[in-house]
Amino acid sequence: TRARTAAIMSESTTVAAALRGLEVDTKLLQVIEDAMIREMDRGLNGEPSSIRMLPSFVDRLPTGQEKGSFLALDLGGTNYRVCRVVLAGDGSIASFDKDSYQLTEKELAGDASDLFDALARSVESFLFKRVGQEETYGTEHALGFTFSFPTQQLSLNNGELIAWTKGFSTKGVEGKNVVELLQGALQRRKLSVHVSALVNDTVGTLMAFRYHDNDAGIGLILGTGTNATYVEKSEKVLKMPEEQKQTDIMVINMEWGAFDGEKDGVNTLPRVRADEIIDEMSPNKGQQWFEKMISGMYLGELVRLHLVELREAANVLPDTNKSGLQANCIQTAHLSAIDAGAMNDEDIKQLLAQACNTTTQNIRDSDVVVCRSLSQAVTRRAARLCAAGLAAVLTRTDCHRIAVDGSLFSKHEHFPQWIMEALREVKTDEQMQGIRLVGQSDGSSVGAAITSA
């Protein structure tokens, strides 16, 4: 297979050039790491920075002794969850129940009341199903709200949405206190539910893992979007008023998806034409560059856009309908299967035929090779960019565990391996001692409940 791939690549300098454009070598990893460190420092100092470095107001870490029953509402995309977490008090979860719900187009693009009333109805439905009518309306419930969008935190249970991401455009929410909006909707349902903590999904992931492992210092999301959080010394958070610093640590929500790679007027991120098109088609043009090059929301589209470009420039898929390869016909889940070898050549032919509105007879073996090569190049680039960011964050913590949640991490067989390989290129053996990426499923929900404890 490698020999066949090499032969096809040598025949098409255009395809080979496209693949080279997706490479992130060791030198570039180091340049991006340095640019990230600079932006982190600027963000903590309150200077202009593409990375917001938001204080989460989580200034105490779980001990594992927290105990009781807590609710969590986890909103990070069009699919969201309501959960109940029972903490045993010994670092373990006694029980965990969850129901999933889906937002409608009206709730995604309508008014604030459309969105938050829907969330409150889901909490009501969940409680009624789990504990019955009497406890639903007659018992006090503490709820941790995981709100996975850039938010200016005002206190542990107050925060204003800075800007929507991930395709949301609900009106009347940006600049508003999202806890007040949710609390008002819950009260309209006559629910005795108190929103006691507002956390980002990344903060939640760190808190969930920290409940049973005190060597966790970084939380990472690799799913529809991407973000990182870590435990910083509060004295380093210069933009935060001293009177707001209650302890010697502060969990920082980086919002690293907004990192633009700029350093000394030079763009360090290896953007290609497909990245530019992704940005142009997005509702947040010119923003979230790092996220658009890493997260699961965009990787399938990046492969598709490369195929569209190569169809015109390199005679790839020449026997297919020009009206094919429409947006979102290739998903990141397909890339996970291709890279893992779960899709053989015939499977990929079927995928390409469906995407191009044609039959498999019109898909050549060489088209399959190009698709497979692009899939791996796009996802490997994403993993290596993520590693460059982690390399920067690791300079700020002595902890060794990186708690990771998200489908890109859990469902792509090689993604964790590619991250670790890249980290070893920019860190010494001594610096890498004990560093581990550890999956934390349901971290954002469990962590919100723990934070509300």
# chains A, B, ... in the order shown; residues from 1 in each chain; ligands from 1

call {"tool": "residues_around", "arguments": {"residues": "region 201-203 of chain A", "least_positions_apart": "5", "cutoff": "6 Å", "atoms": "only C-alpha atoms", "output": "PyMOL selection string"}}
result
chain A and resi 146+148+219-221+228-229+444

call {"tool": "closest_atom_pairs", "arguments": {"of": "region 149-197 of chain A", "to": "region 248-272 of chain A", "cutoff": "12 Å", "atoms": "only C-alpha atoms", "output": "JSON lines"}}
result
{"residue": "A:Phe149", "atom": "CA", "partner": "A:Glu255", "partner_atom": "CA", "distance": 8.5}
{"residue": "A:Pro150", "atom": "CA", "partner": "A:Glu255", "partner_atom": "CA", "distance": 6.6}
{"residue": "A:Thr151", "atom": "CA", "partner": "A:Glu255", "partner_atom": "CA", "distance": 9.1}
{"residue": "A:Gln152", "atom": "CA", "partner": "A:Asn253", "partner_atom": "CA", "distance": 9.9}
{"residue": "A:Gln153", "atom": "CA", "partner": "A:Asn253", "partner_atom": "CA", "distance": 9.7}
{"residue": "A:Leu156", "atom": "CA", "partner": "A:Val251", "partner_atom": "CA", "distance": 11.3}
{"residue": "A:Ile162", "atom": "CA", "partner": "A:Glu255", "partner_atom": "CA", "distance": 11.2}
{"residue": "A:Ala163", "atom": "CA", "partner": "A:Ala258", "partner_atom": "CA", "distance": 11.2}
{"residue": "A:Thr165", "atom": "CA", "partner": "A:Gly257", "partner_atom": "CA", "distance": 10.0}
{"residue": "A:Lys166", "atom": "CA", "partner": "A:Gly257", "partner_atom": "CA", "distance": 11.0}

call {"tool": "write_last_selection", "arguments": {"atoms": "C-alpha atoms", "output": "PDB file, in the first residue's frame"}}
result
ATOM      1  CA  PHE A 149     -18.741  29.094  24.993  1.00  0.00           C
ATOM      2  CA  PRO A 150     -16.409  32.044  25.588  1.00  0.00           C
ATOM      3  CA  THR A 151     -17.695  33.583  28.800  1.00  0.00           C
ATOM      4  CA  GLN A 152     -16.472  36.428  30.980  1.00  0.00           C
ATOM      5  CA  GLN A 153     -16.782  34.897  34.424  1.00  0.00           C
ATOM      6  CA  LEU A 156     -18.375  31.128  40.376  1.00  0.00           C
ATOM      7  CA  ILE A 162     -18.601  37.043  25.126  1.00  0.00           C
ATOM      8  CA  ALA A 163     -19.464  35.590  21.724  1.00  0.00           C
ATOM      9  CA  THR A 165     -19.236  29.858  18.585  1.00  0.00           C
ATOM     10  CA  LYS A 166     -20.029  26.423  17.079  1.00  0.00           C
TER      11      LYS A 166
END

call {"tool": "select_by_dssp", "arguments": {"residues": "region 310-442 of chain A", "states": "strand (DSSP E)", "output": "list in words"}}
result
Arg401, Ile402, Ala403, Val404, Asp405, Arg436, Leu437, Val438 and Gly439 of chain A

call {"tool": "atom_distance", "arguments": {"atom1": "CA of Gly64 (chain A)", "atom2": "CA of Leu206 (chain A)"}}
result
13.1 Å

call {"tool": "atom_distance", "arguments": {"atom1": "CA of Asn315 (chain A)", "atom2": "CA of Ser295 (chain A)"}}
result
28.9 Å

call {"tool": "atom_distance", "arguments": {"atom1": "CA of Val178 (chain A)", "atom2": "CA of Gln102 (chain A)"}}
result
19.0 Å

call {"tool": "closest_residue", "arguments": {"among": "A:Met53, A:Met36, A:Asp429, A:Ala314", "to": "Ser12 (chain A)", "atoms": "only C-alpha atoms"}}
result
A:Ala314

call {"tool": "closest_residue", "arguments": {"among": "A:Glu235, A:Glu174, A:Asp442, A:Glu309", "to": "Arg273 (chain A)", "atoms": "only C-alpha atoms"}}
result
A:Glu309

call {"tool": "residues_around", "arguments": {"residues": "Leu87 (chain A)", "least_positions_apart": "2", "cutoff": "12 Å", "atoms": "only C-alpha atoms", "output": "PyMOL selection string"}}
result
chain A and resi 62-71+84-85+89-96+208+211-212+446-447+449-453

call {"tool": "residues_around", "arguments": {"residues": "Asn158 (chain A)", "least_positions_apart": "4", "cutoff": "10 Å", "atoms": "only C-alpha atoms", "output": "PyMOL selection string"}}
result
chain A and resi 57+151-154+176-180+195-199

call {"tool": "closest_residue", "arguments": {"among": "A:Thr359, A:Gln376, A:Ser366, A:Gln354", "to": "His412 (chain A)", "atoms": "only C-alpha atoms"}}
result
A:Gln376

call {"tool": "residues_around", "arguments": {"residues": "Arg189 (chain A)", "least_positions_apart": "4", "cutoff": "9 Å", "atoms": "only C-alpha atoms", "output": "list in words"}}
result
Asp117, Ala120, Arg121, Glu124, Tyr137, Gly184 and Ala185 of chain A

call {"tool": "select_by_dssp", "arguments": {"residues": "region 37-238 of chain A", "states": "helix (DSSP H, G or I)", "output": "MDAnalysis selection string"}}
result
chainID A and resid 37:45 105:109 112:138 178:188 201:210 234:236

call {"tool": "closest_residue", "arguments": {"among": "A:Cys356, A:Leu374, A:Ile37, A:Ala388", "to": "Asp319 (chain A)", "atoms": "only C-alpha atoms"}}
result
A:Cys356
